[in-house]
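Trainee: File coords.csv follows (CSV, C-alpha atoms and all ligand atoms):
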```
chain,number,residue,atom,x,y,z
N,295,MET,CA,8.8,-18.4,-7.8
N,296,ALA,CA,5.7,-17.7,-9.9
N,297,LYS,CA,3.0,-15.7,-8.0
N,298,ASP,CA,-0.3,-17.3,-7.2
N,299,PRO,CA,-3.1,-16.1,-9.5
N,300,VAL,CA,-5.3,-13.2,-8.4
N,301,ARG,CA,-9.0,-13.6,-9.1
N,302,VAL,CA,-10.5,-10.5,-10.8
N,303,LEU,CA,-14.3,-10.1,-11.2
N,304,VAL,CA,-15.6,-8.0,-14.0
N,305,THR,CA,-19.4,-7.5,-13.9
N,306,GLY,CA,-21.1,-6.5,-17.1
N,307,ALA,CA,-18.3,-8.3,-18.9
N,308,ALA,CA,-20.3,-8.8,-22.1
N,309,GLY,CA,-20.8,-5.0,-22.4
N,310,GLN,CA,-18.5,-2.6,-24.3
N,311,ILE,CA,-16.3,-1.5,-21.4
N,312,GLY,CA,-16.0,-5.2,-20.4
N,313,TYR,CA,-14.9,-6.1,-23.9
N,314,ALA,CA,-12.1,-3.5,-23.7
N,315,LEU,CA,-11.2,-4.3,-20.1
N,316,VAL,CA,-10.8,-8.0,-19.9
N,317,PRO,CA,-8.0,-8.3,-22.4
N,318,MET,CA,-6.1,-5.5,-20.6
N,319,ILE,CA,-6.4,-7.5,-17.3
N,320,ALA,CA,-5.4,-10.7,-19.1
N,321,ARG,CA,-2.3,-8.9,-20.5
N,322,GLY,CA,-1.1,-7.7,-17.1
N,323,VAL,CA,-2.0,-4.0,-17.6
N,324,MET,CA,-3.9,-3.9,-14.3
N,325,LEU,CA,-1.8,-6.0,-12.0
N,326,GLY,CA,1.6,-6.2,-13.6
N,327,ALA,CA,3.4,-8.3,-16.2
N,328,ASP,CA,4.4,-10.9,-13.6
N,329,GLN,CA,1.0,-11.4,-12.0
N,330,PRO,CA,-1.1,-14.3,-13.2
N,331,VAL,CA,-4.9,-13.8,-13.1
N,332,ILE,CA,-8.1,-15.8,-13.2
N,333,LEU,CA,-11.0,-13.7,-14.7
N,334,HIS,CA,-14.5,-14.0,-13.3
N,335,MET,CA,-17.0,-12.5,-15.7
N,336,LEU,CA,-20.6,-11.8,-14.8
N,337,ASP,CA,-23.5,-10.7,-17.0
N,338,ILE,CA,-27.2,-11.2,-17.1
N,339,PRO,CA,-29.0,-14.1,-18.9
N,340,PRO,CA,-29.9,-12.1,-22.1
N,341,ALA,CA,-26.2,-11.5,-22.5
N,342,ALA,CA,-25.1,-15.1,-21.7
N,343,GLU,CA,-24.3,-16.0,-25.3
N,344,ALA,CA,-22.3,-12.8,-25.9
N,345,LEU,CA,-20.5,-13.5,-22.6
N,346,ASN,CA,-19.6,-16.9,-23.8
N,347,GLY,CA,-18.2,-15.4,-27.0
N,348,VAL,CA,-15.9,-13.2,-24.9
N,349,LYS,CA,-14.7,-16.2,-23.1
N,350,MET,CA,-14.0,-18.0,-26.4
N,351,GLU,CA,-11.9,-15.0,-27.5
N,352,LEU,CA,-10.0,-14.9,-24.3
N,353,VAL,CA,-9.1,-18.6,-24.9
N,354,ASP,CA,-8.2,-17.8,-28.5
N,355,ALA,CA,-5.9,-14.9,-27.5
N,356,ALA,CA,-3.7,-17.4,-25.5
N,357,PHE,CA,-2.7,-14.8,-22.9
N,358,PRO,CA,0.2,-16.3,-20.9
N,359,LEU,CA,-0.9,-14.7,-17.6
N,360,LEU,CA,-4.5,-15.9,-17.9
N,361,LYS,CA,-4.8,-19.0,-15.7
N,362,GLY,CA,-8.6,-19.5,-15.9
N,363,VAL,CA,-11.9,-17.9,-16.9
N,364,VAL,CA,-15.2,-18.2,-15.1
N,365,ALA,CA,-18.1,-16.8,-17.3
N,366,THR,CA,-21.4,-16.9,-15.6
N,367,THR,CA,-24.8,-15.3,-15.0
N,368,ASP,CA,-24.8,-16.5,-11.4
N,369,ALA,CA,-23.7,-13.7,-9.0
N,370,VAL,CA,-22.6,-16.1,-6.3
N,371,GLU,CA,-20.4,-18.1,-8.6
N,372,ALA,CA,-19.0,-14.9,-10.1
N,373,CYS,CA,-18.1,-13.4,-6.7
N,374,THR,CA,-16.7,-16.5,-5.0
N,375,GLY,CA,-13.1,-16.0,-3.9
N,376,VAL,CA,-12.5,-12.8,-5.9
N,377,ASN,CA,-9.7,-10.6,-4.7
N,378,ILE,CA,-10.6,-7.6,-6.9
N,379,ALA,CA,-14.1,-6.7,-8.1
N,380,VAL,CA,-14.6,-4.2,-11.0
N,381,MET,CA,-18.3,-3.5,-11.1
N,382,VAL,CA,-19.1,-2.4,-14.6
N,383,GLY,CA,-22.5,-4.1,-15.0
N,384,GLY,CA,-25.5,-1.9,-15.2
N,385,PHE,CA,-27.7,0.1,-17.5
N,386,PRO,CA,-25.6,2.8,-19.3
N,387,ARG,CA,-26.7,6.3,-20.0
N,388,LYS,CA,-27.9,6.9,-23.6
N,389,GLU,CA,-27.8,10.1,-25.6
N,390,GLY,CA,-30.1,12.7,-24.0
N,391,MET,CA,-30.4,10.8,-20.7
N,392,GLU,CA,-29.4,12.5,-17.4
N,393,ARG,CA,-27.5,10.5,-14.9
N,394,LYS,CA,-30.4,10.6,-12.6
N,395,ASP,CA,-32.5,8.7,-15.1
N,396,VAL,CA,-30.1,5.7,-14.7
N,397,MET,CA,-30.2,5.9,-10.9
N,398,SER,CA,-33.2,3.8,-10.2
N,399,LYS,CA,-32.2,1.1,-12.6
N,400,ASN,CA,-28.7,0.7,-11.1
N,401,VAL,CA,-29.0,1.2,-7.4
N,402,SER,CA,-31.1,-2.0,-6.9
N,403,ILE,CA,-28.5,-4.0,-8.9
N,404,TYR,CA,-25.8,-2.7,-6.5
N,405,LYS,CA,-27.8,-3.5,-3.4
N,406,SER,CA,-28.1,-7.2,-4.5
N,407,GLN,CA,-24.6,-7.5,-5.7
N,408,ALA,CA,-23.3,-6.1,-2.4
N,409,SER,CA,-24.7,-9.1,-0.6
N,410,ALA,CA,-23.1,-11.6,-3.1
N,411,LEU,CA,-19.7,-9.9,-2.6
N,412,GLU,CA,-20.0,-9.7,1.1
N,413,LYS,CA,-20.8,-13.4,1.5
N,414,HIS,CA,-18.5,-14.9,-1.2
N,415,ALA,CA,-15.6,-12.6,-2.1
N,416,ALA,CA,-12.1,-13.2,-0.6
N,417,ALA,CA,-11.4,-11.4,2.7
N,418,ASN,CA,-10.0,-7.9,1.9
N,419,CYS,CA,-11.4,-7.9,-1.6
N,420,LYS,CA,-10.9,-4.5,-3.3
N,421,VAL,CA,-13.9,-3.1,-5.1
N,422,LEU,CA,-14.0,-0.5,-7.9
N,423,VAL,CA,-17.4,0.6,-9.1
N,424,VAL,CA,-17.5,1.9,-12.6
N,425,ALA,CA,-21.2,1.8,-13.5
N,426,ASN,CA,-23.1,5.0,-13.2
N,427,PRO,CA,-24.0,6.7,-11.0
N,428,ALA,CA,-20.6,5.4,-9.9
N,429,ASN,CA,-20.3,7.2,-6.5
N,430,THR,CA,-23.8,6.4,-5.4
N,431,ASN,CA,-23.7,2.8,-6.6
N,432,ALA,CA,-20.5,2.4,-4.6
N,433,LEU,CA,-22.2,4.0,-1.6
N,434,ILE,CA,-25.1,1.6,-1.8
N,435,LEU,CA,-22.7,-1.3,-2.2
N,436,LYS,CA,-20.9,-0.2,0.9
N,437,GLU,CA,-24.1,0.3,2.9
N,438,PHE,CA,-25.4,-3.2,2.0
N,439,ALA,CA,-22.1,-5.0,2.5
N,440,PRO,CA,-21.3,-3.8,6.0
N,441,SER,CA,-18.7,-6.4,6.7
N,442,ILE,CA,-16.5,-5.3,3.8
N,443,PRO,CA,-14.2,-2.6,5.2
N,444,GLU,CA,-15.3,0.8,3.9
N,445,LYS,CA,-11.7,1.5,2.7
N,446,ASN,CA,-12.1,-1.4,0.2
N,447,ILE,CA,-15.0,0.2,-1.7
N,448,THR,CA,-14.1,2.9,-4.2
N,449,CYS,CA,-15.5,4.4,-7.5
N,450,LEU,CA,-13.9,5.4,-10.7
N,451,THR,CA,-13.0,9.1,-11.2
N,452,ARG,CA,-9.6,8.2,-12.7
N,453,LEU,CA,-11.0,8.6,-16.1
N,454,ASP,CA,-11.9,12.2,-15.3
N,455,HIS,CA,-8.4,12.7,-13.8
N,456,ASN,CA,-6.9,11.3,-17.0
N,457,ARG,CA,-9.1,13.5,-19.1
N,458,ALA,CA,-7.9,16.6,-17.2
N,459,LEU,CA,-4.3,15.6,-17.7
N,460,GLY,CA,-5.1,15.1,-21.4
N,461,GLN,CA,-6.6,18.6,-21.8
N,462,ILE,CA,-3.6,20.3,-20.1
N,463,SER,CA,-1.2,18.3,-22.2
N,464,GLU,CA,-3.0,19.3,-25.4
N,465,ARG,CA,-3.3,23.0,-24.4
N,466,LEU,CA,0.4,23.2,-23.6
N,467,ASN,CA,1.6,20.9,-26.3
N,468,VAL,CA,3.6,18.8,-23.7
N,469,GLN,CA,3.7,15.1,-23.0
N,470,VAL,CA,0.8,13.9,-20.9
N,471,SER,CA,3.4,12.0,-18.8
N,472,ASP,CA,5.0,15.3,-17.8
N,473,VAL,CA,1.8,16.6,-16.3
N,474,LYS,CA,0.9,15.6,-12.8
N,475,ASN,CA,-1.3,16.2,-9.7
N,476,VAL,CA,-4.6,17.4,-11.1
N,477,ILE,CA,-7.5,16.7,-8.7
N,478,ILE,CA,-11.0,15.6,-9.4
N,479,TRP,CA,-13.2,16.5,-6.5
N,480,GLY,CA,-16.6,15.0,-5.9
N,481,ASN,CA,-19.0,13.3,-8.1
N,482,HIS,CA,-18.3,11.5,-11.4
N,483,SER,CA,-20.9,13.7,-13.0
N,484,SER,CA,-21.1,17.2,-14.6
N,485,THR,CA,-20.7,18.8,-11.1
N,486,GLN,CA,-17.3,17.3,-10.6
N,487,TYR,CA,-14.5,19.9,-10.0
N,488,PRO,CA,-11.3,19.3,-12.0
N,489,ASP,CA,-8.8,21.4,-10.0
N,490,VAL,CA,-5.4,22.4,-11.4
N,491,THR,CA,-4.4,24.6,-8.5
N,492,HIS,CA,-1.6,22.2,-7.5
N,493,THR,CA,-0.9,20.7,-11.0
N,494,THR,CA,2.6,20.9,-12.3
N,495,VAL,CA,4.4,20.2,-15.6
N,496,ASN,CA,7.9,18.8,-15.9
N,497,THR,CA,9.8,21.2,-18.2
N,498,PRO,CA,13.5,21.4,-19.1
N,499,ALA,CA,13.7,24.2,-16.5
N,500,GLY,CA,12.2,22.0,-13.8
N,501,GLU,CA,8.6,21.6,-12.4
N,502,LYS,CA,6.4,24.5,-13.2
N,503,PRO,CA,2.8,25.3,-12.0
N,504,VAL,CA,0.2,24.8,-14.7
N,505,ARG,CA,-1.4,28.1,-14.0
N,506,GLU,CA,1.9,29.9,-14.7
N,507,LEU,CA,2.4,28.0,-18.0
N,508,VAL,CA,-1.1,28.3,-19.3
N,509,ALA,CA,-1.2,31.9,-18.2
N,510,ASP,CA,-4.9,32.1,-18.9
N,511,ASP,CA,-7.0,31.8,-15.7
N,512,GLN,CA,-10.1,32.6,-17.7
N,513,TRP,CA,-9.7,29.4,-19.8
N,514,LEU,CA,-8.7,27.3,-16.7
N,515,ASN,CA,-11.6,28.5,-14.7
N,516,THR,CA,-14.3,28.0,-17.4
N,517,GLU,CA,-13.7,26.1,-20.6
N,518,PHE,CA,-11.2,23.6,-19.2
N,519,ILE,CA,-13.5,22.7,-16.3
N,520,THR,CA,-16.6,22.3,-18.5
N,521,THR,CA,-14.7,20.3,-21.1
N,522,VAL,CA,-13.6,17.8,-18.5
N,523,GLN,CA,-17.1,17.8,-16.8
N,524,GLN,CA,-18.9,17.2,-20.2
N,525,ARG,CA,-16.4,14.8,-21.8
N,526,GLY,CA,-18.5,11.7,-21.1
N,527,ALA,CA,-21.5,13.3,-22.8
N,528,ALA,CA,-19.3,14.5,-25.7
N,529,ILE,CA,-18.0,10.9,-26.3
N,530,ILE,CA,-21.6,9.6,-26.1
N,531,LYS,CA,-22.6,12.2,-28.7
N,532,ALA,CA,-19.7,11.3,-31.0
N,533,ARG,CA,-19.8,7.5,-30.6
N,534,LYS,CA,-23.4,6.9,-29.7
N,535,LEU,CA,-21.9,4.8,-27.0
N,536,SER,CA,-20.2,5.7,-23.7
N,537,SER,CA,-16.4,5.9,-23.4
N,538,ALA,CA,-15.1,2.3,-23.3
N,539,LEU,CA,-11.4,2.1,-24.1
N,540,SER,CA,-10.6,5.1,-21.9
N,541,ALA,CA,-12.8,3.9,-19.1
N,542,ALA,CA,-11.2,0.4,-19.2
N,543,SER,CA,-7.7,1.9,-19.3
N,544,SER,CA,-8.5,4.2,-16.4
N,545,ALA,CA,-10.0,1.3,-14.4
N,546,CYS,CA,-6.7,-0.5,-14.8
N,547,ASP,CA,-4.8,2.6,-13.7
N,548,HIS,CA,-7.0,2.9,-10.6
N,549,ILE,CA,-6.5,-0.7,-9.5
N,550,ARG,CA,-2.8,-0.8,-10.4
N,551,ASP,CA,-2.0,2.3,-8.4
N,552,TRP,CA,-4.1,1.1,-5.4
N,553,VAL,CA,-2.4,-2.3,-5.3
N,554,LEU,CA,1.1,-1.4,-6.4
N,555,GLY,CA,1.3,2.2,-5.2
N,556,THR,CA,1.5,5.7,-6.6
N,557,PRO,CA,4.9,7.1,-7.7
N,558,GLU,CA,6.6,9.3,-5.1
N,559,GLY,CA,5.4,12.9,-5.3
N,560,THR,CA,2.3,12.0,-7.4
N,561,TRP,CA,-1.3,11.7,-6.4
N,562,VAL,CA,-4.3,10.3,-8.3
N,563,SER,CA,-8.0,10.8,-7.9
N,564,MET,CA,-10.3,8.1,-6.5
N,565,GLY,CA,-13.8,8.1,-5.3
N,566,VAL,CA,-13.6,7.0,-1.6
N,567,TYR,CA,-15.7,7.1,1.5
N,568,SER,CA,-15.4,10.6,2.9
N,569,ASP,CA,-14.1,11.1,6.5
N,570,GLY,CA,-14.7,14.8,6.7
N,571,SER,CA,-11.4,15.8,5.1
N,572,TYR,CA,-11.6,19.2,3.4
N,573,ASN,CA,-14.9,19.7,5.2
N,574,VAL,CA,-16.6,17.4,2.8
N,575,PRO,CA,-19.6,15.8,4.6
N,576,SER,CA,-18.7,12.3,5.8
N,577,GLY,CA,-20.7,9.4,4.6
N,578,LEU,CA,-20.5,10.1,0.9
N,579,ILE,CA,-18.3,8.4,-1.8
N,580,TYR,CA,-16.5,11.5,-2.9
N,581,SER,CA,-13.5,11.9,-5.2
N,582,PHE,CA,-10.3,13.1,-3.4
N,583,PRO,CA,-6.6,13.3,-4.2
N,584,VAL,CA,-5.0,10.2,-2.8
N,585,THR,CA,-1.7,8.5,-2.6
N,586,CYS,CA,-1.4,4.7,-2.3
N,587,LYS,CA,1.1,2.5,-0.6
N,588,ASN,CA,1.0,-1.1,0.5
N,589,GLY,CA,-2.4,-1.6,-1.0
N,590,GLU,CA,-4.0,1.3,1.0
N,591,TRP,CA,-5.1,4.7,-0.2
N,592,CYS,CA,-4.7,7.8,1.9
N,593,ILE,CA,-6.3,11.2,1.2
N,594,VAL,CA,-3.7,13.9,0.6
N,595,GLN,CA,-4.0,16.4,3.4
N,596,GLY,CA,-3.3,20.1,3.8
N,597,LEU,CA,-3.8,21.4,0.2
N,598,SER,CA,-5.0,25.0,0.0
N,599,ILE,CA,-8.6,25.5,-1.1
N,600,ASP,CA,-9.5,29.0,-2.2
N,601,GLU,CA,-13.0,30.5,-2.3
N,602,PHE,CA,-13.5,29.5,-6.0
N,603,SER,CA,-12.6,25.9,-5.3
N,604,ARG,CA,-14.6,25.8,-2.0
N,605,ASN,CA,-17.8,26.6,-3.8
N,606,LYS,CA,-17.2,23.9,-6.3
N,607,LEU,CA,-16.3,21.3,-3.7
N,608,ASP,CA,-19.5,22.1,-1.9
N,609,LEU,CA,-21.7,22.1,-5.0
N,610,THR,CA,-20.6,18.6,-6.0
N,611,ALA,CA,-21.0,17.4,-2.3
N,612,LYS,CA,-24.6,18.8,-2.3
N,613,GLU,CA,-25.3,16.8,-5.5
N,614,LEU,CA,-24.0,13.6,-3.9
N,615,SER,CA,-26.1,14.1,-0.8
N,616,GLU,CA,-29.2,14.6,-3.0
N,617,GLU,CA,-28.2,11.4,-5.0
N,618,LYS,CA,-27.9,9.5,-1.8
N,619,ASP,CA,-31.4,10.6,-0.7
N,620,LEU,CA,-32.8,9.7,-4.2
N,621,ALA,CA,-31.0,6.3,-4.2
N,622,TYR,CA,-32.6,5.5,-0.8
N,623,SER,CA,-36.0,6.6,-2.1
N,624,CYS,CA,-35.6,4.3,-5.2
N,625,LEU,CA,-34.8,1.4,-2.9
N,626,SER,CA,-37.7,1.9,-0.5
T,1,LIG,N1,-17.1,5.9,-14.0
T,1,LIG,C1,-16.8,6.1,-15.3
T,1,LIG,O1,-15.8,6.8,-15.5
T,1,LIG,C2,-17.6,5.5,-16.4
T,1,LIG,C3,-18.7,4.8,-16.2
T,1,LIG,N2,-19.4,4.3,-17.2
T,1,LIG,C4,-20.6,3.5,-16.9
T,1,LIG,O2,-20.2,2.1,-17.0
T,1,LIG,C5,-21.3,1.3,-17.2
T,1,LIG,C6,-21.1,0.3,-18.3
T,1,LIG,O3,-21.0,1.0,-19.5
T,1,LIG,P1,-20.9,0.1,-20.9
T,1,LIG,O4,-20.0,-1.0,-20.8
T,1,LIG,O5,-20.8,1.2,-22.0
T,1,LIG,O6,-22.4,-0.4,-21.0
T,1,LIG,P2,-23.0,-1.7,-21.7
T,1,LIG,O7,-24.4,-1.6,-21.8
T,1,LIG,O8,-22.2,-1.9,-23.0
T,1,LIG,O9,-22.6,-2.9,-20.7
T,1,LIG,C7,-23.2,-3.1,-19.5
T,1,LIG,C8,-23.3,-4.5,-19.3
T,1,LIG,O10,-23.8,-4.7,-18.0
T,1,LIG,C9,-24.7,-5.8,-18.1
T,1,LIG,N3,-25.6,-5.9,-16.9
T,1,LIG,C10,-26.7,-5.2,-16.8
T,1,LIG,N4,-27.3,-5.5,-15.6
T,1,LIG,C11,-26.4,-6.4,-15.0
T,1,LIG,C12,-26.3,-7.0,-13.7
T,1,LIG,N5,-27.4,-6.9,-12.9
T,1,LIG,N6,-25.3,-7.8,-13.4
T,1,LIG,C13,-24.3,-7.9,-14.3
T,1,LIG,N7,-24.2,-7.4,-15.5
T,1,LIG,C14,-25.3,-6.6,-15.8
T,1,LIG,C15,-25.4,-5.7,-19.4
T,1,LIG,O11,-26.0,-6.9,-19.9
T,1,LIG,C16,-24.2,-5.2,-20.3
T,1,LIG,O12,-23.6,-6.4,-20.9
T,1,LIG,C17,-22.5,2.3,-17.5
T,1,LIG,O13,-23.2,2.4,-16.2
T,1,LIG,C18,-21.7,3.5,-17.8
T,1,LIG,O14,-22.6,4.7,-17.6
T,1,LIG,C19,-19.0,4.5,-18.5
T,1,LIG,C20,-17.9,5.2,-18.8
T,1,LIG,C21,-17.1,5.8,-17.8
T,2,LIG,O1,-21.2,10.0,-19.0
T,2,LIG,C1,-21.5,8.8,-19.0
T,2,LIG,O2,-22.6,8.3,-18.8
T,2,LIG,C2,-20.4,7.9,-19.3
T,2,LIG,C3,-19.3,8.2,-18.3
T,2,LIG,O3,-19.5,8.1,-17.1
T,2,LIG,C4,-18.1,8.9,-18.8
T,2,LIG,O4,-17.8,8.8,-20.0
T,2,LIG,O5,-17.5,9.6,-18.0
```
Could you render the structure from this file as structure tokens?

Mentor:
Amino acid sequence: MAKDPVRVLVTGAAGQIGYALVPMIARGVMLGADQPVILHMLDIPPAAEALNGVKMELVDAAFPLLKGVVATTDAVEACTGVNIAVMVGGFPRKEGMERKDVMSKNVSIYKSQASALEKHAAANCKVLVVANPANTNALILKEFAPSIPEKNITCLTRLDHNRALGQISERLNVQVSDVKNVIIWGNHSSTQYPDVTHTTVNTPAGEKPVRELVADDQWLNTEFITTVQQRGAAIIKARKLSSALSAASSACDHIRDWVLGTPEGTWVSMGVYSDGSYNVPSGLIYSFPVTCKNGEWCIVQGLSIDEFSRNKLDLTAKELSEEKDLAYSCLS
């Protein structure tokens, strides 16, 4: 029997990530090749004509899984009945801008959209915040939508996770699909900590630790980390636009694994509401290693944290606490 369609909201759908993301969703990349979808696309009035153009293209592409399109500038109409909300709408960082510069523009958007989602989304709607500052926007959304379970509000650090896999694969000249279990700790910003302590590579001789194969701790502890931390800025410098295809693809990875589950023995990174695991202060949206099963994520417990890592986990937590204070000061 055919499945009932799932309603997926994409905010900022007329923007460049939106343009890359909606066809992936309509093709089944996010929820599976047997899952029909109805796309809800929200943007602001100045982008209404462009949004309508995206809707026309979705019709023209004749996606078999796409059972309907709602394209609107009304947040209530956009949020009504949605099962999944991918929050991409906002003001993007431009070349030379620090993430903090985009904070005040974006947190007020997330406060108002929290209310629309809380009142009108389907019960148990899963929320993924992509727009920067992603962790803090997600936290504001959580705080102003108190009836949405906190487990349902997440932010995107899967792009950073995938970037780290990509760097290891290039360095070792191995298939990216043979590398697993990197961790992105903390903020989706340049203080994030890409950690390869537990990362392995599938080789003809079995699974091997990345540290052993790379055999260059100096590179892993310096250049590798800064390359992943600064990748967003490097893409903006090269394209004069922020990462779009990789962000869209990673957003699909995030939702797919959350809904359909992570493969046995593999974890992924997600920005989730901290519960004090790994002595990260509770009350932040912080990126952790998680596994997913039956539509629920669970923080991987018991991984060893050495002193080098501890400092980096604490540094990015400190930045998130500061962002939280700054966000509240922007809202008051
Ligand atoms: N978490 C991550 O890994 C990544 C996050 N980003 C962030 O994603 C966001 C979107 O990036 P782009 O698509 O490149 O930007 P963009 O500027 O091309 O698109 C943003 C869209 O949001 C719309 N928008 C603005 N205010 C809105 C509101 N109140 N409600 C609904 N829509 C609204 C704009 O009209 C525009 O169409 C940015 O904040 C960017 O920094 C980008 C790459 C990676
Ligand atoms: O750095 C930015 O503003 C865009 C972004 O989030 C990324 O590419 O990771």

Trainee: Give me, as a ChimeraX atom specification, all polymer residues having an atom no more than 12 Å from Trp591 (chain N), counting all atoms listed in the file and skipping those fewer than 4 positions away in the same chain.

Mentor: /N:420,444-448,548-556,561-567,582-587

Trainee: So which residues touch region 389-405 of chain N within 8 Å, counting all atoms listed in the file, skipping near sequence neighbours fewer than 6 positions away, as a list in words?

Mentor: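 Counting only the stated atoms, we get Ala425, Asn426, Pro427, Thr430, Asn431, Ala432, Ile434, Leu435, Phe438, Ser483, Ala527, Ile530, Lys531, Lys534, Glu617, Ala621, Cys624 and Leu625 of chain N.
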
Trainee: When you count all atoms listed in the file, which of these residues is closest to Ala355 (chain N): N:Pro340, N:Pro317, N:Gly596, N:Ile332?

Mentor: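 Of N:Pro340, N:Pro317, N:Gly596, N:Ile332, the one nearest Ala355 (chain N) is N:Pro317, counting all atoms listed in the file.
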
Trainee: Do a neighbour search on region 505-507 of chain N at 9 Å with only C-alpha atoms, toss out local chain neighbours closer than 3 positions, and write the hits as a ChimeraX atom specification.

Mentor: /N:466,490-495,502,510-511,514

Trainee: Okay, now the selection with C-alpha atoms, as a PDB file, keeping the file's coordinate frame?

Mentor:
```pdb
ATOM      1  CA  LEU N 466       0.400  23.200 -23.600  1.00  0.00           C
ATOM      2  CA  VAL N 490      -5.400  22.400 -11.400  1.00  0.00           C
ATOM      3  CA  THR N 491      -4.400  24.600  -8.500  1.00  0.00           C
ATOM      4  CA  HIS N 492      -1.600  22.200  -7.500  1.00  0.00           C
ATOM      5  CA  THR N 493      -0.900  20.700 -11.000  1.00  0.00           C
ATOM      6  CA  THR N 494       2.600  20.900 -12.300  1.00  0.00           C
ATOM      7  CA  VAL N 495       4.400  20.200 -15.600  1.00  0.00           C
ATOM      8  CA  LYS N 502       6.400  24.500 -13.200  1.00  0.00           C
ATOM      9  CA  ASP N 510      -4.900  32.100 -18.900  1.00  0.00           C
ATOM     10  CA  ASP N 511      -7.000  31.800 -15.700  1.00  0.00           C
ATOM     11  CA  LEU N 514      -8.700  27.300 -16.700  1.00  0.00           C
TER      12      LEU N 514
END
```

Trainee: Please, what distance in Å, to one decimal, runs between CA of Thr366 (chain N) and atom C5 of ligand LIG 1 (chain T)?

Mentor: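 According to the coordinates, CA of Thr366 (chain N) and atom C5 of ligand LIG 1 (chain T) are separated by 18.3 Å.
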
Trainee: Closest to Ser603 (chain N) among N:Ile579, N:Ala417, N:Leu535, N:Ile477, using all atoms listed in the file?

Mentor: N:Ile477

Trainee: Neighbours of ligand LIG 1 (chain T) within 8 Å, counting all atoms listed in the file, as a PyMOL selection string?

Mentor: chain N and resi 305-313+336-341+345+367+369+382-387+396+400+403-404+407+423-428+449-454+482+526+535-538+540-541+544
